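Engineer: Quick one: the structure is below, and I'll ask about it shortly.
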Amino acid sequence: MTRGRDPGRYSSPVIDSRRLPVLVRDAPLALFILLAAFVPALHPYTTQVGDLPDRPYELLTVAVVLLECLPLAVRRRWPALSLALVVAGFAVDQLRAYHTAGGWALPIALVSASVHIGHRRRTVMALLTLAYVPVALGLDRLGSAEGVLGFVTFYLVMALAWGIGSWVRQTRLAEAERRLRVAEATRTAERTRIARELHDVVTHHVTAMVVQAEAARYLTAVPEKLDDTLSAVTDTGRRAIADLRQLLDLLNPDPGTETRAPSAGDLPALVEQTRRAGQPVEFSEEGVRPESAGSTELTAFRVVQEALTNALKYDHGGRTTVRVRHSPKELTVEVTTDGTGSGAASPGGSGRGLAGLRERVEALGGEFGAGRRPNGGFEVRARIPA
């Protein structure tokens, strides 16, 4: 039997260079300049100072080229050491007047060191300046025609290479800081979203269970009603567990399971659960409900859920009305209470629920309002674009 290749285990033949060790990534440039130093056609094109007559290559030339080029392989792992060795090799190269293409290594080492040296940068710059002085004096004694202007110009060009590295370093640090800020803002937003979801899911069910449990205390003389109330508490607890599992699946999804977010289609069940908790709720729905449940439907469900939770808390037993209107452009939700109930079931509240609803609705470009009615009671309204 021939087995087909598992698509999930297929690996691309292209190697990601970022996963290779830094020495492996930096070595090719060092080897390239090393080989270029022995190419006669590249001899006139190199970094040099002093303008001394060229000296023929000899055995020492090989050692000098190796000293100039090979340290580039460790320019990111040990930037200071790499720069020191390259500078030493370049100095011997110029004083011996070999003028090899290995001189290209100096500006590269300066840029790289400026990018990767994090501490004592001023000390490194000062040492490089001090090291340049005896090299310039030595070249001048050997008969260099550069003069002061030529030596200063070369110094400024090398300082420019260092400055380019500094600019690259600052750009990278700024980008890293920006990414940290974005990551922190993303984590904060995610924590806020999780807290809001937990509040919406847990508060409603727990409030209903508290109300039902309080009512059960006064039904000991009526066994059949007590049994119904305790059954309602059990059902509400099971709903709470199911909703918490759904929320956990959203936070840590299992590829083998699918979760469905609540929608306007779940409102009748939510209203019935609230009725079983002892809250008289009148529910009406107008318009054609959309086939797909997106963010609009979920937000509408959360608005009704939070409003009914508050009704159980602060107007328990009062007449409550839920109206939902669907239209092609928007979904409108209205939840009102008449203020005739009791608020003894849950005397306090943080106000986090209504604030979270406002954020949800406004994030979708809708409008949200909540406040006391002139004739008593409370009203929650939300207009959510479809």
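A note on labels: chains of the structure tokens are A, B, ... as shown, every chain counts residues from 1, and ligands are counted from 1 in their shown order.
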Would you kindly return, as a PyMOL selection string, each protein, DNA or RNA residue with an atom no farther than 6 Å from any atom of Gly366 in chain A, considering only C-alpha atoms and excluding same-chain residues fewer than 5 positions away?

Structural biologist: chain A and resi 361+383-385

Engineer: Excluding Val148 in chain A and residues on its chain fewer than 4 positions from it, collect all residues at most 12 Å away from it, counting only C-alpha atoms, and give them as an MDAnalysis selection string.

Structural biologist: chainID A and resid 49:50 133 136:137 139:140 144 152:155

Engineer: Okay, now the selection with N, CA and C atoms, as a PDB file, in the first residue's frame?

Structural biologist:
```
ATOM      1  N   VAL A  49      44.319  54.868   2.999  1.00  0.00           N
ATOM      2  CA  VAL A  49      44.720  56.195   3.432  1.00  0.00           C
ATOM      3  C   VAL A  49      46.243  56.253   3.387  1.00  0.00           C
ATOM      4  N   GLY A  50      46.791  57.416   3.127  1.00  0.00           N
ATOM      5  CA  GLY A  50      48.245  57.594   3.099  1.00  0.00           C
ATOM      6  C   GLY A  50      48.799  57.762   1.710  1.00  0.00           C
ATOM      7  N   VAL A 133      45.586  58.425  15.352  1.00  0.00           N
ATOM      8  CA  VAL A 133      46.650  59.450  15.373  1.00  0.00           C
ATOM      9  C   VAL A 133      48.016  58.852  15.075  1.00  0.00           C
ATOM     10  N   ALA A 136      48.280  57.816  11.396  1.00  0.00           N
ATOM     11  CA  ALA A 136      48.455  58.964  10.495  1.00  0.00           C
ATOM     12  C   ALA A 136      49.871  59.513  10.577  1.00  0.00           C
ATOM     13  N   LEU A 137      50.404  59.582  11.798  1.00  0.00           N
ATOM     14  CA  LEU A 137      51.773  60.077  11.930  1.00  0.00           C
ATOM     15  C   LEU A 137      52.767  59.126  11.268  1.00  0.00           C
ATOM     16  N   LEU A 139      52.188  57.079   8.720  1.00  0.00           N
ATOM     17  CA  LEU A 139      52.064  57.228   7.269  1.00  0.00           C
ATOM     18  C   LEU A 139      52.752  58.501   6.793  1.00  0.00           C
ATOM     19  N   ASP A 140      52.643  59.548   7.581  1.00  0.00           N
ATOM     20  CA  ASP A 140      53.280  60.815   7.190  1.00  0.00           C
ATOM     21  C   ASP A 140      54.801  60.677   7.188  1.00  0.00           C
ATOM     22  N   SER A 144      53.866  59.894   3.131  1.00  0.00           N
ATOM     23  CA  SER A 144      52.519  60.061   2.611  1.00  0.00           C
ATOM     24  C   SER A 144      52.297  61.486   2.115  1.00  0.00           C
ATOM     25  N   VAL A 152      42.282  64.190   7.788  1.00  0.00           N
ATOM     26  CA  VAL A 152      41.028  64.611   8.430  1.00  0.00           C
ATOM     27  C   VAL A 152      39.820  64.140   7.614  1.00  0.00           C
ATOM     28  N   THR A 153      39.937  64.240   6.293  1.00  0.00           N
ATOM     29  CA  THR A 153      38.830  63.804   5.439  1.00  0.00           C
ATOM     30  C   THR A 153      38.560  62.309   5.613  1.00  0.00           C
ATOM     31  N   PHE A 154      39.624  61.512   5.643  1.00  0.00           N
ATOM     32  CA  PHE A 154      39.451  60.073   5.836  1.00  0.00           C
ATOM     33  C   PHE A 154      38.802  59.796   7.186  1.00  0.00           C
ATOM     34  N   TYR A 155      39.249  60.535   8.224  1.00  0.00           N
ATOM     35  CA  TYR A 155      38.665  60.352   9.558  1.00  0.00           C
ATOM     36  C   TYR A 155      37.174  60.670   9.546  1.00  0.00           C
TER      37      TYR A 155
END
```

Engineer: Tell me which of A:Leu83, A:Val92, A:Leu308, A:Leu156 sits closest to Ala63 in chain A, counting only C-alpha atoms.

Structural biologist: A:Val92

Engineer: Tell me, which residues of range 52-87 of chain A carry DSSP alpha helix (DSSP H), written as a ChimeraX atom specification?

Structural biologist: /A:59-69,79-87

Engineer: Which polymer residues have any atom within 7 Å of an atom of Val333 in chain A, counting only C-alpha atoms, with same-chain residues fewer than 6 positions away left out, as a list in words?

Structural biologist: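 That gives Ala300, Arg323, Val324, Arg325, Arg381, Ala382 and Arg383 of chain A.
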
Engineer: If you count only C-alpha atoms, which residues fall within 12 Å of Phe283 in chain A, apart from same-chain ones fewer than 2 positions away, as a list in words?

Structural biologist: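 Contacts, with the query itself left out: Leu267, Pro268, Ala269, Leu270, Val271, Glu272, Thr274, Arg275, Pro280, Val281, Glu285, Glu286, Val304, Leu308, Arg319, Thr320, Thr321, Val322, Arg323, Val324, Arg325, Val333, Glu334, Val335 and Thr336 of chain A.
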
Engineer: If I take CA of Leu130 in chain A and CA of Leu95 in chain A, how far is one from the other in Å, to one decimal?

Structural biologist: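 Taking CA of Leu130 in chain A and CA of Leu95 in chain A, their separation equals 16.5 Å.
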
Engineer: When you count only C-alpha atoms, which of these residues is closest to Val22 in chain A: A:Val86, A:Leu81, A:Leu72, A:Val135?

Structural biologist: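 When distances to Val22 in chain A are compared using only C-alpha atoms, the smallest one comes from A:Leu72.
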
Engineer: With distances taken over only C-alpha atoms, which residue among A:Pro44, A:Pro56, A:Pro71, A:Gly294 lies nearest Ala27 in chain A?

Structural biologist: A:Pro71

Engineer: So that I can check the surroundings of Pro28 in chain A, please list as a list in words every protein, DNA and RNA residue that reaches within 10 Å of it, counting only C-alpha atoms and ignoring chain neighbours fewer than 6 positions away.

Structural biologist: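 Contacts, in chain order: Leu34, Leu70, Leu72 and Ala73 of chain A.
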
Engineer: Point out the residue among A:His99, A:Ser342, A:Ala80, A:Val380 with the least atom-to-atom distance to Arg120 in chain A, counting only C-alpha atoms.

Structural biologist: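 That would be A:Ala80, the residue with the smallest distance to Arg120 in chain A.
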